[in-house]
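Worksheet for the structure shown next.
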Amino acid sequence: VTSAASARDHARSVVRESWDAPGRRASEEAVIDLLLVVSELVTNAIRHGGGIAGFEVDPTPEGLRLRVHDYSDVVPADAHGPGTLPPVHVGNGYGWPLVIRLARDIAIERRPEGGKTISALVPLAGPR
């Protein structure tokens, strides 16, 4: 994975090939939410994290667990915020609130070799 587009394609294929099953299908709305979170995390790794050091997608009973590895030790200032959108658009500031609103179990861990991993569970099952 080298771009947000390739990350979205990979996540979408994991939904189709590994998560969807007879009697269990991700709704179009859930997939759109997933793709927004993927785009934000990967774009942030590229723009602010020195690039993508790795990208993982693992199915869980609730949805998909994303892990985006980058090369920066800097934790985003809004990473643990309330998920409220900025009152005025100044070009930035919408990504993290969207991630916080759409994902669960968000964690940021430093990597032993440098950089960090941001992981998040994006629900695909249950009420939205």
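Ordering of the structure tokens sets the chain letters (A, B, ...); residue numbers start at 1 within each chain; ligands are numbered from 1 in the order shown.
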(request) Find the residues near Asp70 (chain A): any atom within 7 Å, counting only C-alpha atoms, skip ones fewer than 3 places away on the same chain, and give them as a ChimeraX atom specification. (result) /A:45,49-54,115-117
(request) Mind checking which residues fall within 8 Å of Ser3 (chain A), counting only C-alpha atoms, ignoring those fewer than 6 positions away in the same chain, and posting them as a VMD selection string? (result) chain A and resid 42 to 43 46
(request) Taking the DSSP assignment computed from this structure's backbone, write out as a ChimeraX atom specification all residues of chain A that belong to alpha helix (DSSP H). (result) /A:4-14,28-48,95-102
(message) With DSSP run on the backbone, what are the strand (DSSP E or B) residues within region 20-124 of chain A? I'd like them as an MDAnalysis selection string.
(response) chainID A and resid 21 24 52:59 63:70 104:110 116:123
Please provide as a JSON list (two decimals) with all heavy atoms, in the first residue's frame all residues within 8 Å of Gly63 (chain A), with the sequence filter that same-chain residues fewer than 3 positions apart are discarded (counting only C-alpha atoms).
```json
[["chain", "number", "residue", "atom", "x", "y", "z"],
["A", 19, "TRP", "N", -14.80, -10.67, 5.26],
["A", 19, "TRP", "CA", -15.77, -10.29, 6.29],
["A", 19, "TRP", "C", -17.19, -10.66, 5.90],
["A", 19, "TRP", "O", -17.92, -11.24, 6.69],
["A", 19, "TRP", "CB", -15.68, -8.79, 6.61],
["A", 19, "TRP", "CG", -16.34, -8.49, 7.93],
["A", 19, "TRP", "CD1", -15.76, -8.59, 9.15],
["A", 19, "TRP", "CD2", -17.70, -8.12, 8.15],
["A", 19, "TRP", "NE1", -16.69, -8.29, 10.13],
["A", 19, "TRP", "CE2", -17.88, -8.00, 9.54],
["A", 19, "TRP", "CE3", -18.78, -7.89, 7.31],
["A", 19, "TRP", "CZ2", -19.09, -7.65, 10.11],
["A", 19, "TRP", "CZ3", -19.99, -7.53, 7.88],
["A", 19, "TRP", "CH2", -20.14, -7.41, 9.26],
["A", 59, "PRO", "N", -10.04, -8.74, 9.76],
["A", 59, "PRO", "CA", -11.46, -8.86, 10.09],
["A", 59, "PRO", "C", -11.64, -9.30, 11.54],
["A", 59, "PRO", "O", -10.84, -10.08, 12.07],
["A", 59, "PRO", "CB", -11.98, -9.92, 9.13],
["A", 59, "PRO", "CG", -10.80, -10.54, 8.48],
["A", 59, "PRO", "CD", -9.59, -9.73, 8.80],
["A", 60, "THR", "N", -12.66, -8.76, 12.19],
["A", 60, "THR", "CA", -13.08, -9.17, 13.53],
["A", 60, "THR", "C", -14.58, -9.44, 13.45],
["A", 60, "THR", "O", -15.21, -9.07, 12.46],
["A", 60, "THR", "CB", -12.81, -8.07, 14.58],
["A", 60, "THR", "OG1", -13.76, -7.02, 14.41],
["A", 60, "THR", "CG2", -11.39, -7.52, 14.47],
["A", 121, "LEU", "N", -10.72, 0.16, 15.18],
["A", 121, "LEU", "CA", -11.73, -0.80, 14.75],
["A", 121, "LEU", "C", -12.87, -0.01, 14.10],
["A", 121, "LEU", "O", -13.43, 0.89, 14.72],
["A", 121, "LEU", "CB", -12.26, -1.59, 15.94],
["A", 121, "LEU", "CG", -13.44, -2.50, 15.64],
["A", 121, "LEU", "CD1", -13.03, -3.63, 14.71],
["A", 121, "LEU", "CD2", -14.04, -3.05, 16.92],
["A", 122, "VAL", "N", -13.18, -0.36, 12.86],
["A", 122, "VAL", "CA", -14.31, 0.26, 12.18],
["A", 122, "VAL", "C", -15.43, -0.76, 12.14],
["A", 122, "VAL", "O", -15.31, -1.81, 11.52],
["A", 122, "VAL", "CB", -13.94, 0.71, 10.75],
["A", 122, "VAL", "CG1", -15.15, 1.38, 10.09],
["A", 122, "VAL", "CG2", -12.75, 1.66, 10.78],
["A", 123, "PRO", "N", -16.54, -0.48, 12.85],
["A", 123, "PRO", "CA", -17.64, -1.44, 12.92],
["A", 123, "PRO", "C", -18.31, -1.63, 11.55],
["A", 123, "PRO", "O", -18.51, -0.66, 10.80],
["A", 123, "PRO", "CB", -18.63, -0.81, 13.90],
["A", 123, "PRO", "CG", -17.88, 0.25, 14.61],
["A", 123, "PRO", "CD", -16.79, 0.69, 13.69],
["A", 124, "LEU", "N", -18.65, -2.86, 11.24],
["A", 124, "LEU", "CA", -19.40, -3.17, 10.03],
["A", 124, "LEU", "C", -20.72, -3.86, 10.37],
["A", 124, "LEU", "O", -21.60, -3.95, 9.54],
["A", 124, "LEU", "CB", -18.59, -4.07, 9.10],
["A", 124, "LEU", "CG", -17.30, -3.50, 8.55],
["A", 124, "LEU", "CD1", -16.57, -4.55, 7.71],
["A", 124, "LEU", "CD2", -17.54, -2.24, 7.75],
["A", 125, "ALA", "N", -20.83, -4.35, 11.61],
["A", 125, "ALA", "CA", -22.01, -5.08, 12.04],
["A", 125, "ALA", "C", -22.83, -4.24, 13.01],
["A", 125, "ALA", "O", -22.30, -3.35, 13.67],
["A", 125, "ALA", "CB", -21.60, -6.38, 12.73]]
```
(message) Give me, as a list in words, all polymer residues having an atom no more than 10 Å from region 9-12 of chain A, counting only C-alpha atoms and skipping those fewer than 2 positions away in the same chain.
(response) Val1, Ser3, Ala4, Ala5, Ser6, Ala7, Val14, Val15, Arg16, Glu17, Ser18, Trp19, Val31, Ile32, Leu34, Leu35, Val38, Phe55, Glu56, Val57, Asp58, Pro59, Leu64, Arg65 and Leu66 of chain A
(request) Could you give me, as a PyMOL selection string, the residues within 10 Å of Pro76 (chain A), counting only C-alpha atoms and dropping anything in the same chain fewer than 5 positions from it? (result) chain A and resi 44+48-49+81+96+108
